[in-house]
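Participant: my_file-v8.pdb is the file, holding PDB, C-alpha atoms:
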```pdb
MODEL        1
ATOM      1  CA  MET A   1     103.684 150.768  -4.306
ATOM      2  CA  LYS A   2     105.741 147.971  -5.884
ATOM      3  CA  LYS A   3     102.665 145.688  -6.028
ATOM      4  CA  ILE A   4     100.735 148.367  -7.891
ATOM      5  CA  LYS A   5     103.506 148.676 -10.490
ATOM      6  CA  HIS A   6     103.609 144.898 -10.926
ATOM      7  CA  ARG A   7      99.840 144.794 -11.299
ATOM      8  CA  LYS A   8      99.877 147.619 -13.872
ATOM      9  CA  ALA A   9     102.675 145.936 -15.829
ATOM     10  CA  LEU A  10     100.766 142.642 -15.809
ATOM     11  CA  GLN A  11      97.607 144.418 -16.963
ATOM     12  CA  TRP A  12      99.492 145.992 -19.867
ATOM     13  CA  VAL A  13     101.114 142.707 -20.897
ATOM     14  CA  ILE A  14      97.772 140.868 -20.768
ATOM     15  CA  GLY A  15      96.108 143.704 -22.685
ATOM     16  CA  ILE A  16      98.713 143.474 -25.433
ATOM     17  CA  LEU A  17      98.765 139.656 -25.532
ATOM     18  CA  ALA A  18      94.958 139.522 -25.648
ATOM     19  CA  LEU A  19      95.089 141.347 -28.983
ATOM     20  CA  ALA A  20      96.283 138.144 -30.704
ATOM     21  CA  PRO A  21      93.282 135.922 -29.837
ATOM     22  CA  LEU A  22      90.938 138.883 -30.248
ATOM     23  CA  PHE A  23      92.224 139.566 -33.757
ATOM     24  CA  SER A  24      92.435 135.924 -34.809
ATOM     25  CA  GLY A  25      89.003 135.236 -33.335
ATOM     26  CA  LEU A  26      87.370 138.137 -35.130
ATOM     27  CA  VAL A  27      89.070 137.261 -38.401
ATOM     28  CA  GLY A  28      88.238 133.598 -37.770
ATOM     29  CA  LEU A  29      84.533 134.434 -37.750
ATOM     30  CA  SER A  30      84.881 134.567 -41.531
ATOM     31  CA  GLY A  31      85.006 130.761 -41.328
ATOM     32  CA  ILE A  32      86.549 128.879 -44.200
ATOM     33  CA  TYR A  33      87.197 132.165 -45.991
ATOM     34  CA  ASN A  34      89.596 133.325 -43.273
ATOM     35  CA  PRO A  35      92.411 135.241 -45.002
ATOM     36  CA  LEU A  36      94.904 133.810 -42.510
ATOM     37  CA  PHE A  37      94.289 130.355 -44.047
ATOM     38  CA  THR A  38      95.496 131.305 -47.526
ATOM     39  CA  THR A  39      98.934 129.879 -46.855
ATOM     40  CA  GLN A  40     100.741 127.040 -48.553
ATOM     41  CA  SER A  41      99.803 124.649 -45.722
ATOM     42  CA  PRO A  42      97.545 121.737 -46.626
ATOM     43  CA  PRO A  43      93.897 122.644 -45.864
ATOM     44  CA  ASP A  44      93.493 119.555 -43.668
ATOM     45  CA  LEU A  45      96.391 120.698 -41.488
ATOM     46  CA  ILE A  46      94.763 124.083 -40.869
ATOM     47  CA  LEU A  47      91.328 122.593 -40.250
ATOM     48  CA  ASP A  48      92.741 119.909 -37.932
ATOM     49  CA  SER A  49      94.794 122.453 -35.990
ATOM     50  CA  ASN A  50      91.840 124.779 -35.498
ATOM     51  CA  LEU A  51      89.437 122.002 -34.575
ATOM     52  CA  ARG A  52      91.848 120.666 -31.951
ATOM     53  CA  PHE A  53      92.433 124.137 -30.509
ATOM     54  CA  LEU A  54      88.728 124.976 -30.346
ATOM     55  CA  ASN A  55      87.837 121.603 -28.864
ATOM     56  CA  ALA A  56      90.509 122.091 -26.212
ATOM     57  CA  MET A  57      88.893 125.439 -25.425
ATOM     58  CA  SER A  58      85.551 123.647 -25.059
ATOM     59  CA  VAL A  59      87.140 121.302 -22.525
ATOM     60  CA  VAL A  60      88.485 124.299 -20.580
ATOM     61  CA  VAL A  61      85.049 125.955 -20.585
ATOM     62  CA  ALA A  62      83.465 122.765 -19.263
ATOM     63  CA  LEU A  63      86.148 122.342 -16.588
ATOM     64  CA  SER A  64      85.673 125.984 -15.592
ATOM     65  CA  PHE A  65      82.006 125.299 -14.913
ATOM     66  CA  TYR A  66      83.001 122.318 -12.743
ATOM     67  CA  PHE A  67      85.563 124.379 -10.790
ATOM     68  CA  ILE A  68      82.992 127.088 -10.093
ATOM     69  CA  MET A  69      80.185 124.712  -9.099
ATOM     70  CA  PRO A  70      81.146 124.438  -5.395
ATOM     71  CA  VAL A  71      81.052 128.238  -4.971
ATOM     72  CA  ILE A  72      78.653 129.181  -7.759
ATOM     73  CA  GLU A  73      76.785 131.674  -5.582
ATOM     74  CA  LYS A  74      80.024 133.643  -5.033
ATOM     75  CA  GLU A  75      81.589 133.569  -8.517
ATOM     76  CA  THR A  76      79.080 135.599 -10.505
ATOM     77  CA  PHE A  77      81.608 137.451 -12.654
ATOM     78  CA  ALA A  78      83.618 134.351 -13.608
ATOM     79  CA  PHE A  79      80.388 132.440 -14.219
ATOM     80  CA  ARG A  80      79.126 135.150 -16.564
ATOM     81  CA  ILE A  81      82.415 135.202 -18.484
ATOM     82  CA  ILE A  82      82.211 131.451 -19.029
ATOM     83  CA  CYS A  83      78.558 131.687 -20.071
ATOM     84  CA  CYS A  84      79.383 134.514 -22.477
ATOM     85  CA  SER A  85      82.096 132.399 -24.083
ATOM     86  CA  VAL A  86      79.517 129.678 -24.754
ATOM     87  CA  PHE A  87      76.979 132.225 -26.025
ATOM     88  CA  PHE A  88      79.430 133.898 -28.405
ATOM     89  CA  GLY A  89      80.543 130.485 -29.628
ATOM     90  CA  GLY A  90      76.889 129.964 -30.535
ATOM     91  CA  VAL A  91      76.854 133.326 -32.297
ATOM     92  CA  GLY A  92      79.799 132.134 -34.384
ATOM     93  CA  ARG A  93      77.895 128.952 -35.212
ATOM     94  CA  LEU A  94      74.838 131.069 -36.105
ATOM     95  CA  ILE A  95      76.959 133.112 -38.529
ATOM     96  CA  SER A  96      77.999 129.840 -40.152
ATOM     97  CA  PHE A  97      74.357 128.799 -40.370
ATOM     98  CA  PHE A  98      73.415 132.002 -42.207
ATOM     99  CA  HIS A  99      76.514 131.959 -44.373
ATOM    100  CA  LEU A 100      76.658 128.294 -45.379
ATOM    101  CA  GLY A 101      73.122 127.037 -44.777
ATOM    102  CA  THR A 102      71.294 124.519 -42.671
ATOM    103  CA  MET A 103      73.345 122.227 -40.487
ATOM    104  CA  PRO A 104      72.520 118.715 -39.243
ATOM    105  CA  ILE A 105      69.785 118.450 -36.596
ATOM    106  CA  PRO A 106      72.221 117.685 -33.723
ATOM    107  CA  LEU A 107      74.137 120.899 -34.483
ATOM    108  CA  LEU A 108      70.890 122.890 -34.590
ATOM    109  CA  PHE A 109      70.078 121.542 -31.120
ATOM    110  CA  ILE A 110      73.573 122.458 -29.905
ATOM    111  CA  LEU A 111      73.139 125.929 -31.426
ATOM    112  CA  LEU A 112      69.895 126.409 -29.507
ATOM    113  CA  VAL A 113      71.568 125.305 -26.264
ATOM    114  CA  GLU A 114      74.560 127.603 -26.893
ATOM    115  CA  LEU A 115      72.340 130.628 -27.487
ATOM    116  CA  ALA A 116      69.560 130.103 -24.943
ATOM    117  CA  GLY A 117      71.315 128.054 -22.260
ATOM    118  CA  PRO A 118      73.791 130.691 -21.058
ATOM    119  CA  LEU A 119      71.056 133.326 -20.760
ATOM    120  CA  VAL A 120      68.838 131.009 -18.722
ATOM    121  CA  ILE A 121      71.567 129.802 -16.374
ATOM    122  CA  MET A 122      72.997 133.313 -15.887
ATOM    123  CA  TYR A 123      69.537 134.446 -14.754
ATOM    124  CA  TRP A 124      69.216 131.361 -12.541
ATOM    125  CA  GLN A 125      72.662 131.932 -11.012
ATOM    126  CA  GLN A 126      71.756 135.580 -10.357
ATOM    127  CA  GLN A 127      68.762 134.394  -8.338
ATOM    128  CA  THR A 128      71.010 132.232  -6.133
ATOM    129  CA  ALA A 129      74.050 134.543  -5.982
ATOM    130  CA  ALA A 130      75.304 135.804  -2.674
ATOM    131  CA  PRO A 131      74.339 139.434  -2.097
ATOM    132  CA  VAL A 132      77.164 141.877  -2.781
ATOM    133  CA  SER A 133      78.318 143.479   0.456
ATOM    134  CA  GLU A 134      79.210 147.129   0.327
TER     135      GLU A 134
ENDMDL
END
```
What does this structure look like when you write it as structure tokens?
Facilitator:
Amino acid sequence: MKKIKHRKALQWVIGILALAPLFSGLVGLSGIYNPLFTTQSPPDLILDSNLRFLNAMSVVVALSFYFIMPVIEKETFAFRIICCSVFFGGVGRLISFFHLGTMPIPLLFILLVELAGPLVIMYWQQQTAAPVSE
């Protein structure tokens, strides 16, 4: 019974803490017009901070793929979460494309990979996944 209470408490804490990145991420989809950036901080400081944070997240996504590789047929849910993070990152880039215009060719290629790649490899992983035992 004590484990269940600990698990419930942890679920509540994570649910509450997850509101911060959810909110900042949704607001952050407004790009350079993010109302959270209208502070007295120098614009370069805000841009640098966000770029470093988001690039660190990219490193974590890549490392997550590497950690799952040895057991990829067993980690369908985690694999799909990682793929969805890449896909939705591409959606954010697509919003930028429509809002600010054409981006350099390398970024267009990356955008294509971010949008199509996760869908293709999720399907591929599903074909190799271990059957779920009931």
Participant: So what do you get for CA of Ala62 (chain A) versus CA of Ala129 (chain A), distance-wise?
Facilitator: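 According to the coordinates, CA of Ala62 (chain A) and CA of Ala129 (chain A) are separated by 20.1 Å.
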Participant: When you look at region 71-85 of chain A with a cut-off of 6 Å (counting all atoms listed in the file), what residues show up, excluding the ones that are within fewer than 3 positions of it in the same chain? I need them as an MDAnalysis selection string.
Facilitator: chainID A and resid 68 88 118 128:130
Participant: At what distance in Å, to one decimal, does CA of Arg93 (chain A) lie from CA of Leu29 (chain A)?
Facilitator: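 The value is 9.0 Å.
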Participant: Work out how far apart CA of Leu45 (chain A) and CA of Phe109 (chain A) are and give it in Å to one decimal.
Facilitator: 28.3 Å
Participant: To box region 119-123 of chain A, take all atoms listed in the file, fit an axis-aligned box, add 8 Å on each side, and give centre and edge lengths in Å to one decimal, as lines of an AutoDock Vina configuration file.
Facilitator:
```
center_x = 70.9
center_y = 132.1
center_z = -17.8
size_x = 20.2
size_y = 20.6
size_z = 22.0
```
Participant: Measuring atom to atom with all atoms listed in the file, identify which of A:Ala18, A:Val91, A:Ile32, A:Leu47 is nearest to Leu112 (chain A).
Facilitator: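 Closest candidate: A:Val91.
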Participant: Between A:Val60, A:Leu22, A:Gln127, A:Gly31, which residue has the minimum interatomic distance to His99 (chain A), considering only C-alpha atoms?
Facilitator: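 Going through A:Val60, A:Leu22, A:Gln127, A:Gly31 one by one, the smallest distance to His99 (chain A) is for A:Gly31.
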Participant: Give the answer as one residue: which of A:Ile95, A:Ile16, A:Val61, A:Val120 has the shortest atom-to-atom distance to Gly28 (chain A), using all atoms listed in the file?
Facilitator: A:Ile95
Participant: Name the residues that the PyMOL selection byres ((chain A and resi 50) around 12) picks from the file above, as a PyMOL selection string, using the file's chain letters and numbers.
Facilitator: chain A and resi 24-25+28+31-32+34+36-37+43-49+51-57
Participant: For the selection just defined, write its residues with C-alpha atoms to a file, as an mmCIF file, in the coordinates of the input.
Facilitator:
```cif
data_model
loop_
_atom_site.group_PDB
_atom_site.id
_atom_site.type_symbol
_atom_site.label_atom_id
_atom_site.label_comp_id
_atom_site.auth_asym_id
_atom_site.auth_seq_id
_atom_site.Cartn_x
_atom_site.Cartn_y
_atom_site.Cartn_z
ATOM 1 C CA SER A 24 92.435 135.924 -34.809
ATOM 2 C CA GLY A 25 89.003 135.236 -33.335
ATOM 3 C CA GLY A 28 88.238 133.598 -37.770
ATOM 4 C CA GLY A 31 85.006 130.761 -41.328
ATOM 5 C CA ILE A 32 86.549 128.879 -44.200
ATOM 6 C CA ASN A 34 89.596 133.325 -43.273
ATOM 7 C CA LEU A 36 94.904 133.810 -42.510
ATOM 8 C CA PHE A 37 94.289 130.355 -44.047
ATOM 9 C CA PRO A 43 93.897 122.644 -45.864
ATOM 10 C CA ASP A 44 93.493 119.555 -43.668
ATOM 11 C CA LEU A 45 96.391 120.698 -41.488
ATOM 12 C CA ILE A 46 94.763 124.083 -40.869
ATOM 13 C CA LEU A 47 91.328 122.593 -40.250
ATOM 14 C CA ASP A 48 92.741 119.909 -37.932
ATOM 15 C CA SER A 49 94.794 122.453 -35.990
ATOM 16 C CA LEU A 51 89.437 122.002 -34.575
ATOM 17 C CA ARG A 52 91.848 120.666 -31.951
ATOM 18 C CA PHE A 53 92.433 124.137 -30.509
ATOM 19 C CA LEU A 54 88.728 124.976 -30.346
ATOM 20 C CA ASN A 55 87.837 121.603 -28.864
ATOM 21 C CA ALA A 56 90.509 122.091 -26.212
ATOM 22 C CA MET A 57 88.893 125.439 -25.425
#
```
Participant: Closest to Gly90 (chain A) among A:Phe23, A:Val59, A:Ile110, A:Ser30, using only C-alpha atoms?
Facilitator: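 The answer is A:Ile110, which sits nearest to Gly90 (chain A).
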Participant: Check the smallest atom-to-atom distance from each of A:Phe87, A:Phe97, A:Trp12, A:Phe67 to Met122 (chain A) using only C-alpha atoms, then report the winner.
Facilitator: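 That would be A:Phe87, the residue with the smallest distance to Met122 (chain A).
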Participant: Complete the atom set of region 90-112 of chain A to N, CA and C atoms and return it as a PDB file, in the coordinates of the input.
Facilitator:
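out.pdb, written as the output of this step:
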```pdb
ATOM      1  N   GLY A  90      78.142 130.199 -29.826  1.00  0.00           N
ATOM      2  CA  GLY A  90      76.889 129.964 -30.535  1.00  0.00           C
ATOM      3  C   GLY A  90      76.631 131.018 -31.599  1.00  0.00           C
ATOM      4  N   VAL A  91      76.996 132.266 -31.299  1.00  0.00           N
ATOM      5  CA  VAL A  91      76.854 133.326 -32.297  1.00  0.00           C
ATOM      6  C   VAL A  91      77.717 133.008 -33.518  1.00  0.00           C
ATOM      7  N   GLY A  92      78.932 132.532 -33.274  1.00  0.00           N
ATOM      8  CA  GLY A  92      79.799 132.134 -34.384  1.00  0.00           C
ATOM      9  C   GLY A  92      79.176 131.016 -35.198  1.00  0.00           C
ATOM     10  N   ARG A  93      78.561 130.057 -34.516  1.00  0.00           N
ATOM     11  CA  ARG A  93      77.895 128.952 -35.212  1.00  0.00           C
ATOM     12  C   ARG A  93      76.679 129.481 -36.001  1.00  0.00           C
ATOM     13  N   LEU A  94      75.985 130.461 -35.429  1.00  0.00           N
ATOM     14  CA  LEU A  94      74.838 131.069 -36.105  1.00  0.00           C
ATOM     15  C   LEU A  94      75.272 131.792 -37.382  1.00  0.00           C
ATOM     16  N   ILE A  95      76.415 132.465 -37.330  1.00  0.00           N
ATOM     17  CA  ILE A  95      76.959 133.112 -38.529  1.00  0.00           C
ATOM     18  C   ILE A  95      77.213 132.060 -39.603  1.00  0.00           C
ATOM     19  N   SER A  96      77.765 130.935 -39.209  1.00  0.00           N
ATOM     20  CA  SER A  96      77.999 129.840 -40.152  1.00  0.00           C
ATOM     21  C   SER A  96      76.685 129.356 -40.751  1.00  0.00           C
ATOM     22  N   PHE A  97      75.675 129.237 -39.912  1.00  0.00           N
ATOM     23  CA  PHE A  97      74.357 128.799 -40.370  1.00  0.00           C
ATOM     24  C   PHE A  97      73.825 129.731 -41.457  1.00  0.00           C
ATOM     25  N   PHE A  98      73.914 131.039 -41.221  1.00  0.00           N
ATOM     26  CA  PHE A  98      73.415 132.002 -42.207  1.00  0.00           C
ATOM     27  C   PHE A  98      74.306 132.081 -43.441  1.00  0.00           C
ATOM     28  N   HIS A  99      75.578 131.834 -43.254  1.00  0.00           N
ATOM     29  CA  HIS A  99      76.514 131.959 -44.373  1.00  0.00           C
ATOM     30  C   HIS A  99      76.548 130.713 -45.248  1.00  0.00           C
ATOM     31  N   LEU A 100      76.502 129.537 -44.619  1.00  0.00           N
ATOM     32  CA  LEU A 100      76.658 128.294 -45.379  1.00  0.00           C
ATOM     33  C   LEU A 100      75.389 127.443 -45.469  1.00  0.00           C
ATOM     34  N   GLY A 101      74.382 127.771 -44.680  1.00  0.00           N
ATOM     35  CA  GLY A 101      73.122 127.037 -44.777  1.00  0.00           C
ATOM     36  C   GLY A 101      72.861 126.119 -43.608  1.00  0.00           C
ATOM     37  N   THR A 102      71.776 125.398 -43.728  1.00  0.00           N
ATOM     38  CA  THR A 102      71.294 124.519 -42.671  1.00  0.00           C
ATOM     39  C   THR A 102      72.341 123.476 -42.303  1.00  0.00           C
ATOM     40  N   MET A 103      72.411 123.223 -41.010  1.00  0.00           N
ATOM     41  CA  MET A 103      73.345 122.227 -40.487  1.00  0.00           C
ATOM     42  C   MET A 103      72.558 121.017 -40.008  1.00  0.00           C
ATOM     43  N   PRO A 104      73.224 119.916 -39.732  1.00  0.00           N
ATOM     44  CA  PRO A 104      72.520 118.715 -39.243  1.00  0.00           C
ATOM     45  C   PRO A 104      71.736 119.006 -37.961  1.00  0.00           C
ATOM     46  N   ILE A 105      70.679 118.259 -37.749  1.00  0.00           N
ATOM     47  CA  ILE A 105      69.785 118.450 -36.596  1.00  0.00           C
ATOM     48  C   ILE A 105      70.548 118.499 -35.272  1.00  0.00           C
ATOM     49  N   PRO A 106      71.511 117.592 -35.009  1.00  0.00           N
ATOM     50  CA  PRO A 106      72.221 117.685 -33.723  1.00  0.00           C
ATOM     51  C   PRO A 106      72.922 119.038 -33.539  1.00  0.00           C
ATOM     52  N   LEU A 107      73.477 119.593 -34.599  1.00  0.00           N
ATOM     53  CA  LEU A 107      74.137 120.899 -34.483  1.00  0.00           C
ATOM     54  C   LEU A 107      73.132 122.019 -34.266  1.00  0.00           C
ATOM     55  N   LEU A 108      71.934 121.893 -34.840  1.00  0.00           N
ATOM     56  CA  LEU A 108      70.890 122.890 -34.590  1.00  0.00           C
ATOM     57  C   LEU A 108      70.481 122.870 -33.120  1.00  0.00           C
ATOM     58  N   PHE A 109      70.395 121.671 -32.543  1.00  0.00           N
ATOM     59  CA  PHE A 109      70.078 121.542 -31.120  1.00  0.00           C
ATOM     60  C   PHE A 109      71.190 122.173 -30.276  1.00  0.00           C
ATOM     61  N   ILE A 110      72.434 121.880 -30.626  1.00  0.00           N
ATOM     62  CA  ILE A 110      73.573 122.458 -29.905  1.00  0.00           C
ATOM     63  C   ILE A 110      73.548 123.980 -30.025  1.00  0.00           C
ATOM     64  N   LEU A 111      73.238 124.486 -31.214  1.00  0.00           N
ATOM     65  CA  LEU A 111      73.139 125.929 -31.426  1.00  0.00           C
ATOM     66  C   LEU A 111      72.092 126.541 -30.498  1.00  0.00           C
ATOM     67  N   LEU A 112      70.952 125.919 -30.396  1.00  0.00           N
ATOM     68  CA  LEU A 112      69.895 126.409 -29.507  1.00  0.00           C
ATOM     69  C   LEU A 112      70.377 126.438 -28.058  1.00  0.00           C
TER      70      LEU A 112
END
```
